[in-house]
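> My structure is in coords_29.tsv, and what it holds is TSV, C-alpha atoms:
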```tsv
chain	number	residue	atom	x	y	z
A	9	MET	CA	93.08	71.96	102.81
A	10	ASP	CA	96.86	71.78	102.65
A	11	ASN	CA	99.73	73.60	100.95
A	12	LEU	CA	97.94	76.92	100.54
A	13	ILE	CA	100.05	79.97	99.69
A	14	ASP	CA	99.27	83.51	100.85
A	15	ILE	CA	100.62	85.71	98.05
A	16	GLY	CA	100.04	88.99	99.91
A	17	LEU	CA	101.11	89.24	103.55
A	18	ASN	CA	102.28	92.55	105.05
A	19	LEU	CA	104.42	90.82	107.64
A	20	MET	CA	106.60	93.89	108.17
A	21	HIS	CA	103.57	95.86	109.44
A	22	SER	CA	103.91	97.14	113.00
A	23	SER	CA	100.94	95.06	114.20
A	24	PHE	CA	103.03	91.91	113.62
A	25	LYS	CA	106.11	93.27	115.38
A	26	LYS	CA	105.82	90.98	118.42
A	27	ASP	CA	104.45	87.75	116.97
A	28	LYS	CA	105.68	87.14	113.42
A	29	VAL	CA	106.68	83.55	114.18
A	30	GLU	CA	103.43	82.79	115.97
A	31	ILE	CA	101.18	83.95	113.15
A	32	ILE	CA	103.10	81.78	110.67
A	33	GLU	CA	102.80	78.79	113.02
A	34	GLU	CA	99.05	79.40	113.43
A	35	ALA	CA	98.65	79.50	109.66
A	36	ASN	CA	100.62	76.26	109.28
A	37	LYS	CA	98.08	74.52	111.52
A	38	VAL	CA	95.30	75.18	108.98
A	39	GLY	CA	97.31	74.28	105.89
A	40	VAL	CA	98.84	77.62	104.88
A	41	ASN	CA	102.49	76.72	104.35
A	42	GLN	CA	104.09	79.40	102.19
A	43	PHE	CA	103.87	83.18	102.26
A	44	ILE	CA	104.96	86.10	100.10
A	45	ILE	CA	105.79	89.22	102.13
A	46	THR	CA	104.83	92.42	100.36
A	47	GLY	CA	107.39	95.18	99.88
A	48	THR	CA	105.79	98.60	99.49
A	49	ASN	CA	108.83	100.90	99.49
A	50	ILE	CA	112.59	100.50	99.47
A	51	HIS	CA	112.86	100.19	103.26
A	52	SER	CA	110.07	97.62	103.68
A	53	SER	CA	111.27	95.69	100.62
A	54	GLN	CA	114.74	95.41	102.17
A	55	MET	CA	113.29	94.35	105.52
A	56	ALA	CA	111.03	91.79	103.85
A	57	ALA	CA	113.90	90.28	101.84
A	58	GLU	CA	116.10	90.02	104.92
A	59	TYR	CA	113.39	88.43	107.04
A	60	ALA	CA	112.27	86.01	104.31
A	61	SER	CA	115.85	84.84	103.82
A	62	LYS	CA	115.76	83.40	107.34
A	63	TYR	CA	113.02	80.95	106.32
A	64	PRO	CA	113.94	79.65	102.84
A	65	GLY	CA	111.18	77.74	101.08
A	66	VAL	CA	108.57	79.12	103.46
A	67	LEU	CA	108.81	82.91	103.24
A	68	PHE	CA	109.39	84.88	100.05
A	69	SER	CA	109.12	88.60	99.32
A	70	THR	CA	108.65	91.31	96.71
A	71	SER	CA	110.71	94.39	95.87
A	72	GLY	CA	108.79	97.48	94.87
A	73	VAL	CA	107.35	100.93	95.53
A	74	HIS	CA	103.61	101.24	96.12
A	75	PRO	CA	101.88	104.07	94.20
A	76	HIS	CA	101.24	105.85	97.49
A	77	ASP	CA	105.03	106.19	97.83
A	78	ALA	CA	105.78	107.13	94.22
A	79	LYS	CA	106.58	110.68	95.33
A	80	THR	CA	109.56	109.32	97.31
A	81	CYS	CA	111.24	107.83	94.21
A	82	ASN	CA	114.34	109.36	92.64
A	83	GLY	CA	117.03	108.46	90.15
A	84	HIS	CA	118.54	105.88	92.50
A	85	SER	CA	115.29	104.07	93.38
A	86	MET	CA	115.27	101.50	90.58
A	87	PHE	CA	118.90	100.65	91.32
A	88	GLU	CA	117.96	100.05	94.96
A	89	LEU	CA	114.99	97.85	94.00
A	90	GLU	CA	117.16	95.86	91.61
A	91	LYS	CA	119.74	95.34	94.35
A	92	ILE	CA	117.05	94.06	96.71
A	93	ALA	CA	115.59	91.85	93.97
A	94	SER	CA	118.93	90.04	93.71
A	95	ASN	CA	118.17	88.31	97.01
A	96	GLU	CA	117.11	84.69	96.53
A	97	SER	CA	114.01	85.26	98.64
A	98	VAL	CA	112.62	87.93	96.27
A	99	VAL	CA	110.20	86.48	93.72
A	100	ALA	CA	108.56	89.56	92.13
A	101	ILE	CA	108.79	93.29	91.48
A	102	GLY	CA	106.10	95.18	93.35
A	103	GLU	CA	103.87	96.10	94.99
A	104	CYS	CA	103.63	98.65	92.21
A	105	GLY	CA	100.90	100.20	90.14
A	106	LEU	CA	98.41	103.06	90.22
A	107	ASP	CA	96.02	104.28	92.92
A	108	TYR	CA	93.69	107.10	91.92
A	109	ASN	CA	91.39	106.45	94.87
A	110	ARG	CA	93.39	108.44	97.40
A	111	ASN	CA	96.13	109.99	95.26
A	112	PHE	CA	98.73	110.08	98.03
A	113	SER	CA	101.22	110.68	95.20
A	114	PRO	CA	100.49	112.79	92.09
A	115	GLN	CA	99.12	110.71	89.24
A	116	ASP	CA	101.89	111.69	86.82
A	117	LEU	CA	104.53	110.47	89.29
A	118	GLN	CA	102.57	107.28	89.88
A	119	ARG	CA	102.58	106.53	86.15
A	120	LYS	CA	106.26	107.41	85.77
A	121	TRP	CA	107.51	105.17	88.55
A	122	PHE	CA	105.08	102.38	87.81
A	123	GLU	CA	106.35	102.15	84.26
A	124	ALA	CA	109.92	102.27	85.55
A	125	GLN	CA	109.17	99.21	87.70
A	126	VAL	CA	107.51	97.43	84.77
A	127	GLU	CA	110.70	98.02	82.78
A	128	LEU	CA	112.76	96.71	85.71
A	129	ALA	CA	110.66	93.52	85.81
A	130	GLU	CA	111.16	93.13	82.06
A	131	ARG	CA	114.91	93.51	82.35
A	132	LEU	CA	115.19	91.10	85.28
A	133	ASP	CA	112.64	88.67	83.79
A	134	MET	CA	110.65	88.71	87.04
A	135	PRO	CA	106.90	88.64	87.76
A	136	LEU	CA	104.99	91.83	88.56
A	137	PHE	CA	102.90	92.20	91.73
A	138	LEU	CA	100.39	94.91	90.83
A	139	HIS	CA	98.20	97.37	92.73
A	140	GLU	CA	95.30	99.16	91.04
A	141	ARG	CA	92.52	101.29	92.49
A	142	GLU	CA	90.23	103.34	90.24
A	143	ALA	CA	93.00	103.43	87.63
A	144	HIS	CA	92.10	100.48	85.43
A	145	LYS	CA	92.35	102.31	82.10
A	146	ASP	CA	95.81	103.82	82.71
A	147	LEU	CA	97.30	100.69	84.25
A	148	TYR	CA	95.91	98.58	81.41
A	149	SER	CA	97.40	100.89	78.78
A	150	ILE	CA	100.85	100.82	80.40
A	151	LEU	CA	100.81	97.03	80.57
A	152	GLU	CA	99.81	96.87	76.90
A	153	ARG	CA	103.06	98.63	76.01
A	154	HIS	CA	105.05	95.90	77.77
A	155	ASP	CA	103.56	92.68	76.52
A	156	SER	CA	106.54	90.57	77.62
A	157	VAL	CA	105.50	90.94	81.29
A	158	ILE	CA	101.72	90.69	80.96
A	159	GLU	CA	101.50	86.95	81.55
A	160	LYS	CA	103.90	87.38	84.47
A	161	SER	CA	101.61	89.95	86.13
A	162	VAL	CA	99.18	89.39	88.99
A	163	VAL	CA	96.67	92.09	89.89
A	164	HIS	CA	96.94	91.88	93.67
A	165	CYS	CA	93.87	92.44	95.87
A	166	PHE	CA	91.53	92.92	92.93
A	167	THR	CA	88.42	94.90	93.92
A	168	GLY	CA	87.14	96.00	90.54
A	169	THR	CA	84.15	95.14	88.40
A	170	LYS	CA	83.29	92.06	86.38
A	171	ALA	CA	84.15	93.95	83.17
A	172	GLU	CA	87.55	95.03	84.55
A	173	ALA	CA	88.33	91.48	85.64
A	174	GLN	CA	87.49	90.26	82.15
A	175	ASN	CA	89.76	92.92	80.65
A	176	TYR	CA	92.69	91.77	82.78
A	177	ILE	CA	92.01	88.12	81.96
A	178	ASP	CA	91.79	88.88	78.24
A	179	LEU	CA	95.06	90.79	78.47
A	180	GLY	CA	96.73	87.75	80.04
A	181	CYS	CA	97.04	88.72	83.72
A	182	PHE	CA	96.46	86.66	86.84
A	183	ILE	CA	94.08	87.92	89.54
A	184	GLY	CA	94.68	87.91	93.30
A	185	VAL	CA	91.56	87.82	95.50
A	186	THR	CA	91.48	88.71	99.21
A	187	GLY	CA	88.93	88.74	102.00
A	188	TRP	CA	87.33	91.75	100.32
A	189	ILE	CA	85.06	89.10	98.78
A	190	CYS	CA	83.82	88.25	102.28
A	191	ASP	CA	82.27	91.71	102.69
A	192	MET	CA	78.60	91.46	101.77
A	193	LYS	CA	78.43	95.21	101.11
A	194	ARG	CA	81.75	96.39	99.66
A	195	GLY	CA	82.49	93.02	98.07
A	196	ARG	CA	79.41	92.65	95.87
A	197	ASP	CA	81.20	93.62	92.65
A	198	LEU	CA	84.00	91.18	93.44
A	199	GLN	CA	81.55	88.39	94.23
A	200	GLU	CA	80.20	88.80	90.70
A	201	ALA	CA	83.61	89.39	89.11
A	202	VAL	CA	85.09	86.04	90.18
A	203	SER	CA	82.62	84.32	87.85
A	204	VAL	CA	84.75	85.40	84.87
A	205	ILE	CA	88.10	84.47	86.43
A	206	PRO	CA	89.22	81.02	85.22
A	207	PRO	CA	90.51	78.94	88.16
A	208	GLU	CA	93.86	78.61	86.36
A	209	ARG	CA	94.29	82.42	86.52
A	210	LEU	CA	93.43	82.85	90.20
A	211	MET	CA	95.61	83.31	93.28
A	212	ILE	CA	94.54	83.93	96.87
A	213	GLU	CA	95.80	86.24	99.59
A	214	THR	CA	94.90	87.85	102.89
A	215	ASP	CA	96.59	91.27	102.57
A	216	ALA	CA	96.95	90.87	106.35
A	217	PRO	CA	96.77	92.70	108.69
A	218	PHE	CA	94.24	94.54	106.51
A	219	LEU	CA	90.86	93.34	105.18
A	220	ILE	CA	89.60	91.12	107.97
A	221	PRO	CA	86.90	88.87	106.43
A	222	LYS	CA	83.51	90.29	107.36
A	223	ASN	CA	81.54	87.05	107.17
A	224	PHE	CA	82.88	85.31	110.28
A	225	ASP	CA	80.24	84.16	112.75
A	226	LYS	CA	82.32	85.83	115.46
A	227	LYS	CA	84.71	88.73	115.00
A	228	PRO	CA	88.35	87.71	115.62
A	229	LYS	CA	89.65	88.67	119.07
A	230	LYS	CA	92.61	90.54	117.63
A	231	ASN	CA	91.47	93.40	115.44
A	232	ARG	CA	93.61	92.36	112.49
A	233	ASN	CA	93.61	89.97	109.58
A	234	GLU	CA	96.01	87.00	109.67
A	235	PRO	CA	97.14	84.35	107.16
A	236	LYS	CA	95.35	81.64	109.14
A	237	TYR	CA	92.13	83.01	107.65
A	238	LEU	CA	93.19	82.15	104.09
A	239	PRO	CA	91.18	78.88	103.98
A	240	HIS	CA	88.05	80.84	104.95
A	241	ILE	CA	88.69	83.28	102.10
A	242	LEU	CA	89.21	80.39	99.68
A	243	GLU	CA	85.93	78.78	100.73
A	244	THR	CA	84.08	82.05	100.14
A	245	ILE	CA	85.67	82.42	96.69
A	246	ALA	CA	84.76	78.83	95.79
A	247	LEU	CA	81.17	79.42	96.87
A	248	CYS	CA	80.93	82.53	94.69
A	249	MET	CA	82.49	80.68	91.74
A	250	GLY	CA	80.25	77.66	92.25
A	251	ILE	CA	83.10	75.14	92.41
A	252	ASP	CA	84.51	72.71	94.95
A	253	ALA	CA	86.82	74.37	97.47
A	254	GLU	CA	89.29	71.47	97.61
A	255	GLU	CA	89.64	71.43	93.83
A	256	LEU	CA	90.09	75.19	93.78
A	257	ALA	CA	92.76	74.94	96.50
A	258	ILE	CA	94.78	72.50	94.40
A	259	GLN	CA	94.51	74.73	91.32
A	260	VAL	CA	95.44	78.03	92.97
A	261	THR	CA	98.44	76.45	94.67
A	262	LYS	CA	99.58	75.07	91.31
A	263	ASN	CA	99.11	78.52	89.73
A	264	THR	CA	101.11	80.23	92.46
A	265	LYS	CA	104.01	77.81	92.48
A	266	GLU	CA	104.38	78.01	88.70
A	267	PHE	CA	103.95	81.79	88.56
A	268	PHE	CA	106.48	82.66	91.27
A	269	LYS	CA	108.67	79.59	90.68
A	270	ILE	CA	108.53	78.57	94.35
```
What does this structure look like when you write it as structure tokens?

Amino acid sequence: MDNLIDIGLNLMHSSFKKDKVEIIEEANKVGVNQFIITGTNIHSSQMAAEYASKYPGVLFSTSGVHPHDAKTCNGHSMFELEKIASNESVVAIGECGLDYNRNFSPQDLQRKWFEAQVELAERLDMPLFLHEREAHKDLYSILERHDSVIEKSVVHCFTGTKAEAQNYIDLGCFIGVTGWICDMKRGRDLQEAVSVIPPERLMIETDAPFLIPKNFDKKPKKNRNEPKYLPHILETIALCMGIDAEELAIQVTKNTKEFFKI
């Protein structure tokens, strides 16, 4: 497999502090050639944009505030995100959305600042990189009010049910699938859900350093996920979907390039 794109890499995470270049080189060896670095707050979004700009055409980034950090937003936050988004390396607004699983920020603030970021994406005509945990109904209803960005939205690291996946597909969204599907316990819903995701609406990601695939024969020496495991994730997805992995690789790369314009 060649020319794979990891749409969700947390390269600014502290676990990658000493070997950012090496993990990209290792991924290149197995055919992963482009990467989108996730911004989760103003600081990490700025760092991601600056780092990605050093490797044009290879690294890209997002500009957004994760729902966990919604409580840190203020009247200047959207201006700051817009400023970061003006960098050529930035290809989407996000990671933004709703997370009712842990509620690190109050739900009303999550909704307020998520919708503010949706409106920012509308105004800038940029894709949305979405996060949703146990908040399908509310996130869906907010997206419905902003139909101009729906087809430019990807639900990153989808872990929901088959019915929720179908709802997002019917709405017009793309779906991002991670190594969560490689977990034979936690990933059962996702293994079923991918059956309703058309290949032309799918993207793939590691969410590294999180979500190490659980179905390796041997556990990786370093206790972290890395983008070099993306082909393994793709093969697991293809198996669950009942389609050829090489054909799926070609399709998801096409989807990603067209969606993010990279």
> I'd like the neighbourhood of A:Ala57 as a list in words, where a residue qualifies if any of its atoms comes within 7 Å (using all atoms listed in the file), though same-chain residues fewer than 4 positions away should be ignored.
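The neighbour list is Ser53, Ser61, Ser69, Asn95, Ser97 and Val98 of chain A.
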> Pick out the residues sitting within 7 Å of stretch 223-225 of chain A, and hand them over as a list in words; count only C-alpha atoms, and ignore anything fewer than 2 positions along from it in its own chain.
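Skipping anything fewer than 2 positions along the chain leaves Cys190, Asp191, Pro221 and Lys227 of chain A.
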> Could you list, as a PyMOL selection string, every residue within 7 Å of A:Ile15, counting only C-alpha atoms and ignoring same-chain residues fewer than 2 positions away?
chain A and resi 13+17+43-44+212-213
> Any chance you could export the current selection's C-alpha atoms as an mmCIF file, in the frame of the given file?

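selection_25.cif written:
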```cif
data_model
loop_
_atom_site.group_PDB
_atom_site.id
_atom_site.type_symbol
_atom_site.label_atom_id
_atom_site.label_comp_id
_atom_site.auth_asym_id
_atom_site.auth_seq_id
_atom_site.Cartn_x
_atom_site.Cartn_y
_atom_site.Cartn_z
ATOM 1 C CA ILE A 13 100.050 79.970 99.690
ATOM 2 C CA LEU A 17 101.110 89.240 103.550
ATOM 3 C CA PHE A 43 103.870 83.180 102.260
ATOM 4 C CA ILE A 44 104.960 86.100 100.100
ATOM 5 C CA ILE A 212 94.540 83.930 96.870
ATOM 6 C CA GLU A 213 95.800 86.240 99.590
#
```
> Quick one: everything within 12 Å of A:Arg110, counting only C-alpha atoms, minus sequence neighbours fewer than 4 positions away in the same chain. Send it as a PyMOL selection string.
chain A and resi 75-77+106+114-115+118+140-143
> With all atoms listed in the file as the counted atoms, please give the residues lying no more than 12 Å from A:Thr186, apart from itself and same-chain residues fewer than 2 positions off, as a PDB file with C-alpha atoms, in the coordinates of the input.

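As written to disk, result-v1.pdb reads:
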```pdb
ATOM      1  CA  ASP A  14      99.270  83.510 100.850  1.00  0.00           C
ATOM      2  CA  ILE A  15     100.620  85.710  98.050  1.00  0.00           C
ATOM      3  CA  GLY A  16     100.040  88.990  99.910  1.00  0.00           C
ATOM      4  CA  LEU A  17     101.110  89.240 103.550  1.00  0.00           C
ATOM      5  CA  VAL A 163      96.670  92.090  89.890  1.00  0.00           C
ATOM      6  CA  HIS A 164      96.940  91.880  93.670  1.00  0.00           C
ATOM      7  CA  CYS A 165      93.870  92.440  95.870  1.00  0.00           C
ATOM      8  CA  PHE A 166      91.530  92.920  92.930  1.00  0.00           C
ATOM      9  CA  THR A 167      88.420  94.900  93.920  1.00  0.00           C
ATOM     10  CA  ILE A 183      94.080  87.920  89.540  1.00  0.00           C
ATOM     11  CA  GLY A 184      94.680  87.910  93.300  1.00  0.00           C
ATOM     12  CA  TRP A 188      87.330  91.750 100.320  1.00  0.00           C
ATOM     13  CA  ILE A 189      85.060  89.100  98.780  1.00  0.00           C
ATOM     14  CA  CYS A 190      83.820  88.250 102.280  1.00  0.00           C
ATOM     15  CA  ASP A 191      82.270  91.710 102.690  1.00  0.00           C
ATOM     16  CA  GLY A 195      82.490  93.020  98.070  1.00  0.00           C
ATOM     17  CA  LEU A 198      84.000  91.180  93.440  1.00  0.00           C
ATOM     18  CA  GLN A 199      81.550  88.390  94.230  1.00  0.00           C
ATOM     19  CA  VAL A 202      85.090  86.040  90.180  1.00  0.00           C
ATOM     20  CA  LEU A 210      93.430  82.850  90.200  1.00  0.00           C
ATOM     21  CA  MET A 211      95.610  83.310  93.280  1.00  0.00           C
ATOM     22  CA  ILE A 212      94.540  83.930  96.870  1.00  0.00           C
ATOM     23  CA  GLU A 213      95.800  86.240  99.590  1.00  0.00           C
ATOM     24  CA  THR A 214      94.900  87.850 102.890  1.00  0.00           C
ATOM     25  CA  ASP A 215      96.590  91.270 102.570  1.00  0.00           C
ATOM     26  CA  ALA A 216      96.950  90.870 106.350  1.00  0.00           C
ATOM     27  CA  PRO A 217      96.770  92.700 108.690  1.00  0.00           C
ATOM     28  CA  PHE A 218      94.240  94.540 106.510  1.00  0.00           C
ATOM     29  CA  LEU A 219      90.860  93.340 105.180  1.00  0.00           C
ATOM     30  CA  ILE A 220      89.600  91.120 107.970  1.00  0.00           C
ATOM     31  CA  PRO A 221      86.900  88.870 106.430  1.00  0.00           C
ATOM     32  CA  LYS A 222      83.510  90.290 107.360  1.00  0.00           C
ATOM     33  CA  ASN A 233      93.610  89.970 109.580  1.00  0.00           C
ATOM     34  CA  GLU A 234      96.010  87.000 109.670  1.00  0.00           C
ATOM     35  CA  PRO A 235      97.140  84.350 107.160  1.00  0.00           C
ATOM     36  CA  TYR A 237      92.130  83.010 107.650  1.00  0.00           C
ATOM     37  CA  LEU A 238      93.190  82.150 104.090  1.00  0.00           C
ATOM     38  CA  PRO A 239      91.180  78.880 103.980  1.00  0.00           C
ATOM     39  CA  HIS A 240      88.050  80.840 104.950  1.00  0.00           C
ATOM     40  CA  ILE A 241      88.690  83.280 102.100  1.00  0.00           C
ATOM     41  CA  LEU A 242      89.210  80.390  99.680  1.00  0.00           C
ATOM     42  CA  GLU A 243      85.930  78.780 100.730  1.00  0.00           C
ATOM     43  CA  THR A 244      84.080  82.050 100.140  1.00  0.00           C
ATOM     44  CA  ILE A 245      85.670  82.420  96.690  1.00  0.00           C
TER      45      ILE A 245
END
```
